file final_13.cif (mmCIF, C-alpha atoms)
data_protein
loop_
_atom_site.label_atom_id
_atom_site.label_comp_id
_atom_site.auth_asym_id
_atom_site.auth_seq_id
_atom_site.Cartn_x
_atom_site.Cartn_y
_atom_site.Cartn_z
CA MET A 23 -67.48 -49.88 -60.35
CA GLU A 24 -67.98 -50.06 -64.13
CA GLU A 25 -64.83 -51.09 -65.99
CA ASN A 26 -65.19 -48.28 -68.54
CA LYS A 27 -64.42 -45.85 -65.71
CA TYR A 28 -60.88 -47.09 -65.17
CA ILE A 29 -57.83 -48.66 -66.85
CA PHE A 30 -55.40 -51.04 -65.19
CA GLY A 31 -51.92 -52.36 -66.01
CA ILE A 32 -48.73 -50.35 -66.45
CA ARG A 33 -48.45 -50.45 -70.25
CA ALA A 34 -52.17 -49.88 -70.75
CA VAL A 35 -52.10 -46.75 -68.58
CA ILE A 36 -49.00 -45.40 -70.34
CA GLU A 37 -50.69 -45.88 -73.71
CA ALA A 38 -53.87 -44.19 -72.45
CA ILE A 39 -51.91 -41.12 -71.32
CA GLU A 40 -49.98 -40.92 -74.58
CA ALA A 41 -53.23 -41.28 -76.54
CA GLY A 42 -54.60 -38.20 -74.80
CA LYS A 43 -57.17 -39.91 -72.58
CA GLU A 44 -58.43 -37.58 -69.84
CA ILE A 45 -57.29 -39.23 -66.60
CA ASP A 46 -58.49 -38.08 -63.21
CA LYS A 47 -55.74 -39.80 -61.19
CA ILE A 48 -53.51 -42.86 -61.13
CA LEU A 49 -53.15 -45.17 -58.14
CA VAL A 50 -49.73 -46.84 -57.94
CA LYS A 51 -48.79 -49.57 -55.45
CA LYS A 52 -46.40 -48.09 -52.89
CA ASP A 53 -43.50 -50.48 -53.41
CA LEU A 54 -43.82 -50.77 -57.19
CA ALA A 55 -40.34 -50.71 -58.77
CA SER A 56 -39.36 -51.51 -62.35
CA ASP A 57 -38.13 -49.76 -65.47
CA LEU A 58 -41.67 -49.79 -66.85
CA ALA A 59 -43.04 -48.30 -63.63
CA ASP A 60 -40.41 -45.54 -63.87
CA GLU A 61 -41.53 -44.86 -67.43
CA LEU A 62 -45.14 -44.57 -66.24
CA LEU A 63 -44.21 -42.04 -63.57
CA ARG A 64 -42.21 -40.04 -66.11
CA VAL A 65 -45.05 -39.98 -68.66
CA ALA A 66 -47.55 -39.05 -65.93
CA ARG A 67 -45.32 -36.23 -64.70
CA GLU A 68 -44.77 -34.85 -68.21
CA ASN A 69 -48.53 -34.85 -68.84
CA LYS A 70 -49.40 -33.41 -65.41
CA VAL A 71 -51.43 -36.44 -64.36
CA VAL A 72 -51.97 -36.88 -60.61
CA VAL A 73 -50.28 -39.99 -59.17
CA GLN A 74 -51.05 -41.35 -55.70
CA LYS A 75 -48.96 -44.11 -54.11
CA VAL A 76 -51.27 -46.38 -52.12
CA PRO A 77 -51.39 -49.81 -50.44
CA VAL A 78 -52.20 -52.53 -52.97
CA GLU A 79 -55.41 -53.29 -51.01
CA LYS A 80 -56.88 -50.00 -52.22
CA ILE A 81 -56.39 -51.07 -55.84
CA ASN A 82 -57.72 -54.55 -55.11
CA ARG A 83 -60.96 -53.05 -53.82
CA VAL A 84 -61.61 -51.74 -57.34
CA THR A 85 -60.38 -54.71 -59.38
CA ARG A 86 -58.80 -58.10 -58.71
CA LYS A 87 -57.65 -58.50 -62.31
CA ASN A 88 -53.96 -58.37 -63.27
CA HIS A 89 -53.51 -54.66 -62.55
CA GLN A 90 -49.73 -54.91 -61.95
CA GLY A 91 -50.08 -52.40 -59.13
CA VAL A 92 -51.43 -49.62 -61.35
CA LEU A 93 -54.99 -48.31 -61.74
CA ALA A 94 -56.04 -45.16 -63.61
CA PHE A 95 -59.43 -43.53 -63.16
CA LEU A 96 -60.82 -41.87 -66.27
CA SER A 97 -62.25 -38.38 -65.91
CA ALA A 98 -65.85 -37.77 -66.90
CA VAL A 99 -64.96 -34.29 -68.17
CA THR A 100 -62.18 -32.58 -70.09
CA TYR A 101 -60.24 -30.24 -67.82
CA TYR A 102 -59.33 -26.72 -68.89
CA ARG A 103 -56.22 -24.71 -68.00
CA LEU A 104 -56.62 -21.28 -66.46
CA GLU A 105 -53.80 -19.77 -68.50
CA HIS A 106 -55.71 -20.71 -71.68
CA LEU A 107 -59.25 -19.96 -70.51
CA VAL A 108 -58.69 -16.53 -68.93
CA PRO A 109 -57.35 -14.80 -72.08
CA GLN A 110 -60.11 -16.40 -74.15
CA LEU A 111 -62.82 -15.00 -71.87
CA TYR A 112 -61.40 -11.50 -72.25
CA GLU A 113 -61.11 -11.93 -76.03
CA ASP A 114 -64.78 -12.96 -76.11
CA GLY A 115 -65.68 -9.67 -74.44
CA ARG A 116 -66.94 -11.26 -71.23
CA VAL A 117 -66.74 -9.89 -67.70
CA PRO A 118 -65.34 -13.13 -66.25
CA PHE A 119 -66.77 -14.81 -63.18
CA MET A 120 -65.20 -17.90 -61.62
CA VAL A 121 -65.77 -20.02 -58.53
CA LEU A 122 -62.80 -21.61 -56.74
CA LEU A 123 -63.32 -24.58 -54.42
CA ASP A 124 -60.65 -25.09 -51.75
CA GLY A 125 -60.60 -28.62 -50.33
CA LEU A 126 -64.15 -29.59 -51.27
CA THR A 127 -64.40 -33.41 -51.32
CA ASP A 128 -68.13 -34.14 -51.22
CA VAL A 129 -69.33 -35.20 -54.68
CA ARG A 130 -72.94 -34.22 -54.01
CA ASN A 131 -72.02 -30.72 -52.91
CA PHE A 132 -69.71 -30.34 -55.89
CA GLY A 133 -72.42 -31.44 -58.30
CA ALA A 134 -74.95 -29.08 -56.74
CA ILE A 135 -72.51 -26.17 -56.96
CA ALA A 136 -71.76 -26.98 -60.60
CA ARG A 137 -75.47 -27.04 -61.39
CA THR A 138 -75.95 -23.61 -59.79
CA CYS A 139 -72.88 -22.18 -61.52
CA ASP A 140 -74.06 -23.33 -64.93
CA CYS A 141 -77.51 -21.83 -64.35
CA ALA A 142 -75.94 -18.53 -63.28
CA GLY A 143 -73.54 -18.28 -66.21
CA VAL A 144 -70.34 -18.78 -64.21
CA ASP A 145 -67.42 -19.13 -66.62
CA ALA A 146 -65.56 -21.92 -64.79
CA ILE A 147 -65.03 -23.80 -61.55
CA VAL A 148 -61.43 -24.11 -60.37
CA ILE A 149 -60.26 -26.98 -58.14
CA PRO A 150 -56.81 -28.18 -56.98
CA GLU A 151 -55.29 -31.44 -58.19
CA ARG A 152 -54.93 -32.85 -54.68
CA GLY A 153 -57.25 -32.86 -51.69
CA SER A 154 -60.27 -32.19 -53.86
CA VAL A 155 -63.29 -33.94 -55.28
CA SER A 156 -62.84 -36.18 -58.33
CA VAL A 157 -64.97 -35.15 -61.27
CA GLY A 158 -66.34 -38.56 -62.11
CA ALA A 159 -69.65 -39.90 -63.36
CA ASP A 160 -71.28 -39.43 -59.94
CA ALA A 161 -70.41 -35.72 -59.94
CA VAL A 162 -71.79 -35.32 -63.46
CA LYS A 163 -75.00 -37.08 -62.47
CA THR A 164 -75.43 -34.92 -59.35
CA SER A 165 -74.87 -31.80 -61.44
CA ALA A 166 -77.80 -32.84 -63.67
CA GLY A 167 -75.38 -32.82 -66.60
CA ALA A 168 -74.12 -29.27 -65.98
CA LEU A 169 -70.52 -30.52 -65.91
CA HIS A 170 -70.82 -31.41 -69.60
CA TYR A 171 -71.07 -27.65 -70.28
CA LEU A 172 -69.34 -25.85 -67.41
CA PRO A 173 -65.53 -25.68 -67.72
CA VAL A 174 -63.58 -27.15 -64.80
CA CYS A 175 -59.98 -26.04 -64.34
CA ARG A 176 -57.91 -28.41 -62.23
CA GLU A 177 -54.67 -26.69 -61.21
CA HIS A 178 -51.60 -27.99 -59.44
CA SER A 179 -51.91 -25.22 -56.83
CA LEU A 180 -54.97 -23.20 -55.88
CA VAL A 181 -52.59 -20.60 -54.41
CA TRP A 182 -51.08 -20.21 -57.87
CA ALA A 183 -54.59 -19.99 -59.36
CA VAL A 184 -55.57 -17.13 -57.04
CA LYS A 185 -52.34 -15.24 -57.79
CA PHE A 186 -52.82 -15.78 -61.52
CA LEU A 187 -56.38 -14.50 -61.44
CA LYS A 188 -55.37 -11.43 -59.45
CA ASP A 189 -52.55 -10.71 -61.90
CA SER A 190 -55.12 -11.08 -64.69
CA GLY A 191 -57.35 -8.34 -63.29
CA TYR A 192 -59.75 -10.33 -61.13
CA LYS A 193 -60.91 -9.38 -57.66
CA VAL A 194 -60.90 -12.47 -55.47
CA TYR A 195 -63.30 -12.74 -52.51
CA GLY A 196 -63.33 -15.53 -49.97
CA ALA A 197 -66.57 -16.61 -48.30
CA SER A 198 -65.59 -17.19 -44.68
CA GLU A 199 -67.18 -17.25 -41.26
CA LYS A 200 -64.10 -15.32 -40.12
CA ALA A 201 -65.14 -12.30 -42.18
CA THR A 202 -66.71 -9.17 -40.70
CA GLN A 203 -67.86 -7.76 -44.05
CA SER A 204 -71.22 -8.77 -45.49
CA TYR A 205 -71.27 -10.65 -48.78
CA LEU A 206 -73.51 -7.84 -50.06
CA ALA A 207 -70.83 -5.15 -49.64
CA PRO A 208 -68.31 -5.72 -52.47
CA ASP A 209 -68.78 -4.64 -56.08
CA TYR A 210 -68.89 -7.80 -58.15
CA THR A 211 -69.46 -6.13 -61.53
CA SER A 212 -65.81 -6.31 -62.61
CA PRO A 213 -63.93 -9.62 -63.27
CA VAL A 214 -64.38 -11.60 -60.07
CA ALA A 215 -63.64 -14.95 -58.45
CA ILE A 216 -65.41 -16.34 -55.38
CA VAL A 217 -63.56 -18.81 -53.16
CA LEU A 218 -65.44 -21.37 -51.07
CA GLY A 219 -63.87 -23.86 -48.70
CA SER A 220 -64.82 -27.25 -47.35
CA GLU A 221 -67.42 -27.49 -44.60
CA GLU A 222 -64.89 -29.09 -42.27
CA LYS A 223 -61.88 -26.79 -42.70
CA GLY A 224 -63.10 -23.77 -44.65
CA ILE A 225 -60.65 -21.85 -46.82
CA SER A 226 -56.96 -22.42 -46.08
CA ASP A 227 -55.13 -19.62 -44.27
CA GLU A 228 -52.75 -19.04 -47.18
CA ILE A 229 -55.59 -18.42 -49.59
CA LEU A 230 -57.49 -16.29 -47.07
CA ARG A 231 -54.46 -14.00 -46.91
CA LEU A 232 -54.35 -13.71 -50.71
CA CYS A 233 -58.00 -12.72 -51.12
CA ASP A 234 -58.83 -9.10 -51.91
CA GLY A 235 -61.60 -9.33 -49.33
CA LEU A 236 -63.39 -11.77 -47.06
CA VAL A 237 -67.16 -11.83 -46.87
CA ALA A 238 -69.71 -13.59 -44.68
CA ILE A 239 -73.32 -14.62 -45.16
CA PRO A 240 -75.30 -13.65 -42.05
CA GLU A 241 -76.68 -16.54 -40.01
CA TYR A 242 -79.35 -16.04 -37.38
CA GLY A 243 -80.16 -19.58 -36.28
CA HIS A 244 -78.63 -21.98 -33.81
CA ILE A 245 -76.23 -24.15 -35.83
CA ASN A 246 -74.37 -21.36 -37.72
CA SER A 247 -73.31 -23.59 -40.57
CA LEU A 248 -74.75 -23.21 -44.05
CA ASN A 249 -74.20 -26.13 -46.38
CA VAL A 250 -71.42 -25.10 -48.79
CA SER A 251 -73.59 -25.66 -51.88
CA VAL A 252 -76.27 -23.39 -50.41
CA ALA A 253 -73.64 -20.76 -49.57
CA ALA A 254 -72.36 -21.02 -53.12
CA GLY A 255 -75.84 -20.39 -54.49
CA ILE A 256 -76.28 -17.29 -52.34
CA MET A 257 -72.88 -15.87 -53.32
CA VAL A 258 -73.20 -16.67 -57.01
CA TYR A 259 -76.62 -15.09 -57.36
CA GLU A 260 -75.53 -11.92 -55.58
CA VAL A 261 -72.98 -11.52 -58.37
CA VAL A 262 -75.75 -12.14 -60.92
CA ARG A 263 -78.05 -9.63 -59.19
CA GLN A 264 -75.44 -6.89 -59.20
CA ARG A 265 -74.51 -7.47 -62.79
CA ASN A 266 -78.13 -7.42 -63.91
CA LEU A 267 -78.62 -4.07 -62.15
CA ASN A 268 -75.41 -2.76 -63.69
CA GLY A 269 -76.19 -4.09 -67.14
CA SER A 270 -72.96 -6.11 -67.28
CA ALA A 271 -74.54 -9.57 -67.21
CA GLU A 272 -74.28 -11.70 -70.31
#

call {"tool": "encode", "arguments": {"input": "final_13.cif", "output": "structure tokens"}}
result
Amino acid sequence: MEENKYIFGIRAVIEAIEAGKEIDKILVKKDLASDLADELLRVARENKVVVQKVPVEKINRVTRKNHQGVLAFLSAVTYYRLEHLVPQLYEDGRVPFMVLLDGLTDVRNFGAIARTCDCAGVDAIVIPERGSVSVGADAVKTSAGALHYLPVCREHSLVWAVKFLKDSGYKVYGASEKATQSYLAPDYTSPVAIVLGSEEKGISDEILRLCDGLVAIPEYGHINSLNVSVAAGIMVYEVVRQRNLNGSAE
């Protein structure tokens, strides 16, 4: 891994956070204990930086230099906050459209979805801090550079994000094999958010319950499992189609 993609050492990571560097996550050795380590955890918490406690071997696989049990991965993008972006979209006169990804961990699928979303004029992708893909250089490359333009909101809780969007006037639809309603049925011409889950687990039950509706893409073959990036493309462009017919597309 290229050294410009990460920072190691307790003091160096603290200084990077305080300097406003965009950090994807910090790996901290499980048994690390010192006043300086406590300061790092405090600074990370105050700046809402994700910290994962891991065996030292995981850090050693990235670098054998004097990391002091701390390794920070730099983000390839600047993350946005929903509470800032949503009002701005309304002020700009847009009919907002967002895509939420629940538990997606495959970098290639994420990059492909981002590429589609940028082409379709989606306003942002929303991911959770934990249990989700890291938006690193590989994701940017797979997105063909789309992630340099498409806002990504990384929120502490995707449940909170769904509730916030609903309170902000969005209709939230989950794409799920459990649904009985076709993805073609809802009206997507008002502010809308589409939720897609991982290919292994789908959308979590808690988020499924929060959705205003669940929709399914019909499948007529033998394996009954569309790749999530393909499903995203189908869903996203149905929103585009409806908005073009309605005259509400940007």

call {"tool": "resolve_selection", "arguments": {"input": "final_13.cif", "expression": "the PyMOL selection byres ((chain A and resi 30-35) around 6)", "output": "PyMOL selection string"}}
result
chain A and resi 29+36-38+89-90+92-93

call {"tool": "axis_aligned_box", "arguments": {"input": "final_13.cif", "around": "range 132-136 of chain A", "padding_each_side": "3 Å", "output": "lines of an AutoDock Vina configuration file"}}
result
center_x = -72.3
center_y = -28.8
center_z = -58.2
size_x = 11.2
size_y = 11.3
size_z = 10.7

call {"tool": "residues_around", "arguments": {"input": "final_13.cif", "residues": "Gly196 in chain A", "least_positions_apart": "4", "cutoff": "7 Å", "atoms": "all atoms listed in the file", "output": "list in words"}}
result
Ile216, Val217, Leu218, Leu230, Cys233, Gly235, Leu236 and Val237 of chain A

call {"tool": "resolve_selection", "arguments": {"input": "final_13.cif", "expression": "the PyMOL selection byres ((chain A and resi 103-111) around 12)", "output": "PyMOL selection string"}}
result
chain A and resi 70+100-102+112-120+122+144-151+173-180+182-192+213-215

call {"tool": "residues_around", "arguments": {"input": "final_13.cif", "residues": "Phe95 in chain A", "least_positions_apart": "4", "cutoff": "10 Å", "atoms": "all atoms listed in the file", "output": "JSON, numbers by chain"}}
result
{"A": [25, 26, 27, 28, 29, 30, 35, 44, 45, 46, 47, 48, 49, 156, 158]}

call {"tool": "resolve_selection", "arguments": {"input": "final_13.cif", "expression": "the PyMOL selection byres ((chain A and resi 125) around 7)", "output": "JSON, numbers by chain"}}
result
{"A": [123, 124, 126, 127, 153, 154, 219, 220]}
